[in-house]
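Engineer: Sharing a structure, written as structure tokens. Questions coming.
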Amino acid sequence: MYKVKFQRAKKILKPLAVLSAVMFGFGNDAAYCAEGYEIDYSAEVILSASEGTLAPYYMASNRHGILTQGNNALVRAGISRDMNLESRFSYGFGADFVGGYSNSTDYLRWNDDAFQPHAEHPARVWIQQLYGEVKYRGVFLLAGLKEHESALVDFNLSSGDIVESGNARPIPEIRAGFIDYQNIPFTNGWVQIFGEIGYGKLTDNAWLRNHYNYYMQHLNQGAFYTYKRCYFRTNPDKPFSAIIGMQSAGMFGGSTQWYYYGKYQYDRKFSSSFKQFFKMFIPSNEGQEYVSGSSLGSWDISMRYRLRNGMTIRGYMQKPWEDGSGIGFLNGFDGVWGLEFKTNRGGIVSGAVVEYIDFTNQSGPMHWDPEDHPGTDLWHRAEGADDYYNNHEYNPYAYYGMSIGTPFLQSPIYNRDGAMMFVHNRVRGFHVGVEGEIGSNLSYRVLGGYRKSFGSGYVPLIDTVGDTSVMIEGRYRVPKVEGLDVKAQLALDRGELYGNNFGACVSVSYSGALAF
């Protein structure tokens with residue numbers, strides 16, 4: 001990395017580095033701090049323009065919620081220090097800020113017995129990341145805002161993880177777990193475990209109030225967010241390796257207000273006591289309430305084979321669930337079915353992903369539970385009528401309007417009628433991603449896909465609608481200035497879901513390290 005040394009800064013910061021070593025570190029990491037200290041820095045300018053007021057699908061997707069509008073002039077700057085994974089004890093931190101101009105989009109709101117448009121745009125300045133983390137041996141503890149990516153699918157090429165994809169802004173949270181896969185005792189390295197658990201606080205109340213139409217449905221404010229994951233993996237050093245496990249996420253607490261035809265009906269306040277935190281960690285069946293809050297997750301399976309030349313071929317599957325029917329594989333063919341190819345050594349085509357995505361079954365359109373009807377003679381149970389990413393008491397599974405899970409289901413921010421839900425969640429289609437290198441300094445990425453929507457199980461469409469989206473990206477690393485990158489994107493939407501939209505985005509970024 002590019003190193004810059006400032007004599008005056010060294011005199012001021014070196015004692016602070018030593019003090020940090022005394023307060024937070026010991027062993028190898030403390031010695032490293034005393035001898036020398038590095039802080040990574042980065043700065044980026046993002047310029048984009050689109051035909052529509054919102055960015056094309058692939059230009060906005062899996063970008064941690066930074067770019068949602070059609071026209072933007074943004075500046076991003078941050079500093080960070082990564083943990084030293086070779087040390088028994090280490091710590092890290094990061095601060096990342098975004099600011100600038102983004103155009104406004106008109107949303108409808110019910111007022112005086114009529115829908116009236118009002119303009120909304122992202123904040124002119126916001127904190128994207130601000131966190132501190134510490135590790136000891138193979139476990140870590142994180143506090144703050146930090147961007148996360150999927151632990152199963154490729155962040156650059158996949159359509160996105162069902163549970164946590166990196167599509168939305170990071171949520172302020174406390175998270176703990178394993179740094180990476182850890183050997184399970186007495187398995188001689190043949191079986192490893194990887195998992196984490198986190199609790200966070202949703203802070204998009206103002207965004208929700210400003211974008212909701214106050215006509216139908218409901219609005220929850222002040223909810224908490226929780227996430228947990230547990231994966232098991234066979235020995236990755238062998239040619240064949242497999243992963244199996246489950247992810248689970250949910251919202252709980254806060255208060256919900258119901259509106260019908262523009263009139264306030266009633267509200268309900270949900271408990272956020274320690275007992276509720278525990279219930280979201282270990283669900284329990286209490287009468288007719290199977291689990292507290294709004295829960296969803298996925299069964300995840302991955303099978304990888306490594307060829308002798310180092311290339312890998314991997315097949316993976318994510319099966320969504322929102323209750324016992326999905327956990328019991330009663331939702332048909334629903335899920336993400338992917339095939340991935342990696343050369344692991346560059347080339348014109350260094351990686352490729354093909355995915356088939358289907359969310360059309362959702363355990364069927366009917367739901368019947370005899371426990372809901374005491375005294376009935378019908379004892380057969382029909383567990384169906386799932387409504388992926390929607391809930392009858394909580395907000396849709398989104399943060400600042402962007403899906404926390406897969407962006408393949410159209411995020412609520414695109415609902416310009418102010419509907420606070422995933423309008424199109426009964427969807428099927430495919431996605432393709434390809435990346436490679438053209439020379440030593442130029443790389444590319446191409447994403448494309450098609451989807452057909454049937455609406456939702458509760459609000460089906462009379463006529464289906466579809467969308468075709470494509471994005472082409474090129475990245476140039478300036479050889480004479482280490483750390484300087486130029487990236488350009490062209491994105492296109494055609495269809496009824498996102499409309500006919502064309503956009504372009506250019507970003508210039510510079511990164512390096514300050515060494516004291």
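By convention here, the chains of the structure tokens are called A, B, ... in the order presented, each chain's residues are numbered starting at 1, and ligands are numbered starting at 1 in the order presented.
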Quick one: pick out all strand (DSSP E) residues within range 28-218 of chain A from a backbone DSSP run and write them as a PyMOL selection string.
Structural biologist: chain A and resi 38-50+72-81+89-102+105-110+115-120+125-136+139-145+173-178+182-183+191-201+218
Engineer: Which of range 252-373 of chain A counts as alpha helix (DSSP H) under DSSP, as a list in words please?
Structural biologist: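 Secondary structure check on range 252-373 of chain A, alpha helix (DSSP H): Phe274, Lys275, Gln276, Phe277, Phe278, Lys279, Met280, Phe281, Gly324, Ser325, Gly326 and Ile327 of chain A.
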Engineer: Keeping N, CA and C atoms, export the residues of the selection given above as a PDB file, in the first residue's frame.
Structural biologist:
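Output file again30.pdb is given in full below:
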```pdb
ATOM      1  N   PHE A 274     -35.641  -7.992  28.073  1.00  0.00           N
ATOM      2  CA  PHE A 274     -34.603  -9.012  27.910  1.00  0.00           C
ATOM      3  C   PHE A 274     -35.212 -10.355  27.531  1.00  0.00           C
ATOM      4  N   LYS A 275     -36.416 -10.625  28.018  1.00  0.00           N
ATOM      5  CA  LYS A 275     -37.089 -11.872  27.694  1.00  0.00           C
ATOM      6  C   LYS A 275     -37.350 -11.980  26.196  1.00  0.00           C
ATOM      7  N   GLN A 276     -37.701 -10.857  25.561  1.00  0.00           N
ATOM      8  CA  GLN A 276     -37.941 -10.873  24.125  1.00  0.00           C
ATOM      9  C   GLN A 276     -36.651 -11.101  23.352  1.00  0.00           C
ATOM     10  N   PHE A 277     -35.544 -10.531  23.832  1.00  0.00           N
ATOM     11  CA  PHE A 277     -34.257 -10.795  23.193  1.00  0.00           C
ATOM     12  C   PHE A 277     -33.954 -12.289  23.243  1.00  0.00           C
ATOM     13  N   PHE A 278     -34.247 -12.914  24.363  1.00  0.00           N
ATOM     14  CA  PHE A 278     -33.985 -14.346  24.513  1.00  0.00           C
ATOM     15  C   PHE A 278     -34.912 -15.164  23.609  1.00  0.00           C
ATOM     16  N   LYS A 279     -36.182 -14.739  23.506  1.00  0.00           N
ATOM     17  CA  LYS A 279     -37.124 -15.459  22.654  1.00  0.00           C
ATOM     18  C   LYS A 279     -36.703 -15.431  21.179  1.00  0.00           C
ATOM     19  N   MET A 280     -36.136 -14.305  20.751  1.00  0.00           N
ATOM     20  CA  MET A 280     -35.690 -14.225  19.368  1.00  0.00           C
ATOM     21  C   MET A 280     -34.445 -15.077  19.128  1.00  0.00           C
ATOM     22  N   PHE A 281     -33.741 -15.410  20.194  1.00  0.00           N
ATOM     23  CA  PHE A 281     -32.576 -16.284  20.071  1.00  0.00           C
ATOM     24  C   PHE A 281     -33.006 -17.754  20.063  1.00  0.00           C
ATOM     25  N   GLY A 324     -42.829 -22.729  10.356  1.00  0.00           N
ATOM     26  CA  GLY A 324     -42.561 -24.164  10.363  1.00  0.00           C
ATOM     27  C   GLY A 324     -42.725 -24.837   9.021  1.00  0.00           C
ATOM     28  N   SER A 325     -43.613 -24.314   8.167  1.00  0.00           N
ATOM     29  CA  SER A 325     -43.813 -24.948   6.870  1.00  0.00           C
ATOM     30  C   SER A 325     -42.574 -24.825   6.000  1.00  0.00           C
ATOM     31  N   GLY A 326     -41.948 -23.638   5.997  1.00  0.00           N
ATOM     32  CA  GLY A 326     -40.736 -23.473   5.212  1.00  0.00           C
ATOM     33  C   GLY A 326     -39.573 -24.243   5.789  1.00  0.00           C
ATOM     34  N   ILE A 327     -39.462 -24.260   7.122  1.00  0.00           N
ATOM     35  CA  ILE A 327     -38.393 -25.031   7.757  1.00  0.00           C
ATOM     36  C   ILE A 327     -38.536 -26.507   7.422  1.00  0.00           C
TER      37      ILE A 327
END
```
Engineer: Using only C-alpha atoms, which of the listed residues (A:Asp106, A:Ser507, A:Ile184, A:Arg233) sits closest to Gly52 in chain A?
Structural biologist: A:Asp106
Engineer: With the cut-off set at 10 Å and counting only C-alpha atoms, tabulate each residue of range 375-423 of chain A with an atom at most that distance from an atom of range 190-203 of chain A, showing the nearest atom pair and its distance in Å to one decimal, ordered by chain and increasing number, as a tab-separated table.
Structural biologist:
```
residue	atom	partner	partner_atom	distance
A:Ala398	CA	A:Leu202	CA	10.0
A:Tyr399	CA	A:Leu202	CA	7.5
A:Tyr400	CA	A:Thr203	CA	8.6
```
Engineer: Which residue, A:Gln410, A:Asn210, A:Asn62, A:Asn415, has the smallest gap to Glu149 in chain A when you use only C-alpha atoms?
Structural biologist: A:Asn62
Engineer: Just the residues within 8 Å of Met303 in chain A, please, counting only C-alpha atoms, with nothing from its chain fewer than 4 positions along; format it as a PyMOL selection string.
Structural biologist: chain A and resi 240-243+314-316
Engineer: Write the residues you've just listed into a file as an mmCIF file, in the first residue's frame, and include N, CA and C atoms for each of them.
Structural biologist:
```
data_model
loop_
_atom_site.group_PDB
_atom_site.id
_atom_site.type_symbol
_atom_site.label_atom_id
_atom_site.label_comp_id
_atom_site.auth_asym_id
_atom_site.auth_seq_id
_atom_site.Cartn_x
_atom_site.Cartn_y
_atom_site.Cartn_z
ATOM 1 N N PHE A 240 -13.164 -32.234 -2.499
ATOM 2 C CA PHE A 240 -14.603 -32.019 -2.315
ATOM 3 C C PHE A 240 -14.862 -31.500 -0.904
ATOM 4 N N SER A 241 -15.657 -30.446 -0.823
ATOM 5 C CA SER A 241 -16.021 -29.877 0.456
ATOM 6 C C SER A 241 -17.474 -29.424 0.405
ATOM 7 N N ALA A 242 -18.177 -29.577 1.521
ATOM 8 C CA ALA A 242 -19.592 -29.230 1.573
ATOM 9 C C ALA A 242 -19.886 -28.353 2.784
ATOM 10 N N ILE A 243 -20.890 -27.498 2.641
ATOM 11 C CA ILE A 243 -21.365 -26.631 3.712
ATOM 12 C C ILE A 243 -22.860 -26.832 3.863
ATOM 13 N N ARG A 314 -18.803 -25.032 -8.000
ATOM 14 C CA ARG A 314 -19.601 -25.092 -6.788
ATOM 15 C C ARG A 314 -21.078 -24.971 -7.118
ATOM 16 N N GLY A 315 -21.869 -25.809 -6.495
ATOM 17 C CA GLY A 315 -23.312 -25.698 -6.563
ATOM 18 C C GLY A 315 -23.850 -25.349 -5.185
ATOM 19 N N TYR A 316 -24.849 -24.469 -5.134
ATOM 20 C CA TYR A 316 -25.381 -24.069 -3.839
ATOM 21 C C TYR A 316 -26.882 -23.840 -3.937
#
```
Engineer: Counting only C-alpha atoms, which residue out of A:Asn156, A:Ser42, A:Ser50, A:Asn331 sits closest to Arg81 in chain A?
Structural biologist: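 Distance minimum relative to Arg81 in chain A lands on A:Ser42.
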Engineer: Just give me the gap between CA of Asp82 in chain A and CA of Ile66 in chain A in Å, one decimal is fine.
Structural biologist: 21.9 Å
Engineer: Against range 351-371 of chain A, which residues of range 384-501 of chain A fall within 6 Å? For each one I want the closest pair of atoms and the distance in Å (one decimal), counting only C-alpha atoms, rows by chain and increasing residue number, as a tab-separated table.
Structural biologist:
```
residue	atom	partner	partner_atom	distance
A:Gly384	CA	A:Ser363	CA	4.4
A:Ala385	CA	A:Pro365	CA	4.5
A:Asp386	CA	A:Gln362	CA	5.1
A:Arg426	CA	A:Thr360	CA	4.5
A:Val427	CA	A:Phe359	CA	5.2
A:Arg428	CA	A:Asp358	CA	4.2
A:Gly429	CA	A:Ile357	CA	5.4
A:Phe430	CA	A:Tyr356	CA	4.4
A:His431	CA	A:Glu355	CA	5.1
A:Val432	CA	A:Val354	CA	4.6
A:Gly433	CA	A:Val353	CA	5.0
A:Val434	CA	A:Ala352	CA	4.4
A:Glu435	CA	A:Gly351	CA	5.4
A:Gly457	CA	A:Pro365	CA	5.9
```
Engineer: For Gly166 in chain A, which residue among A:His218, A:Lys238, A:His64, A:Arg451 is the nearest when counting only C-alpha atoms?
Structural biologist: A:His64
Engineer: Please, what distance in Å, to one decimal, runs between CA of Phe232 in chain A and CA of Lys342 in chain A?
Structural biologist: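 Spanning CA of Phe232 in chain A to CA of Lys342 in chain A is a straight-line distance of 22.0 Å.
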Engineer: Hey, can you check how far CA of Ser158 in chain A sits from CA of Glu340 in chain A?
Structural biologist: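 The value is 9.0 Å.
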Engineer: Contacts of Ala43 in chain A at 9 Å or less, counting only C-alpha atoms, minus same-chain residues fewer than 5 places along, as an MDAnalysis selection string?
Structural biologist: chainID A and resid 75:79 508:511
Engineer: Taking only C-alpha atoms into account, which of A:Lys452, A:His121, A:Lys269, A:Lys319 comes nearest Asp161 in chain A?
Structural biologist: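 Ranked by minimum distance to Asp161 in chain A, first place goes to A:Lys319.
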Engineer: Compile the contact shell of Asp113 in chain A as a ChimeraX atom specification: residues with an atom at most 10 Å away, counting only C-alpha atoms, same-chain residues fewer than 6 positions apart removed.
Structural biologist: /A:215,261-263
Engineer: Hey, which of A:Ser159, A:Ala123, A:Ala176, A:Glu393 ends up closest to Tyr136 in chain A? Count only C-alpha atoms.
Structural biologist: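 Among A:Ser159, A:Ala123, A:Ala176, A:Glu393, it is A:Ala176 that comes nearest to Tyr136 in chain A.
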Engineer: Considering only C-alpha atoms, return as a ChimeraX atom specification whatever protein or nucleic-acid residues lie within 6 Å of Asn441 in chain A, sequence-local ones (same chain, fewer than 2 positions apart) excluded.
Structural biologist: /A:439,476-477
Engineer: If you count only C-alpha atoms, which residues fall within 10 Å of Pro239 in chain A, apart from same-chain ones fewer than 6 positions away, as a list of chain:residue names?
Structural biologist: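 Answer for this query is A:Arg304, A:Tyr305, A:Arg306, A:Leu307, A:Arg308, A:Gly310, A:Thr312.
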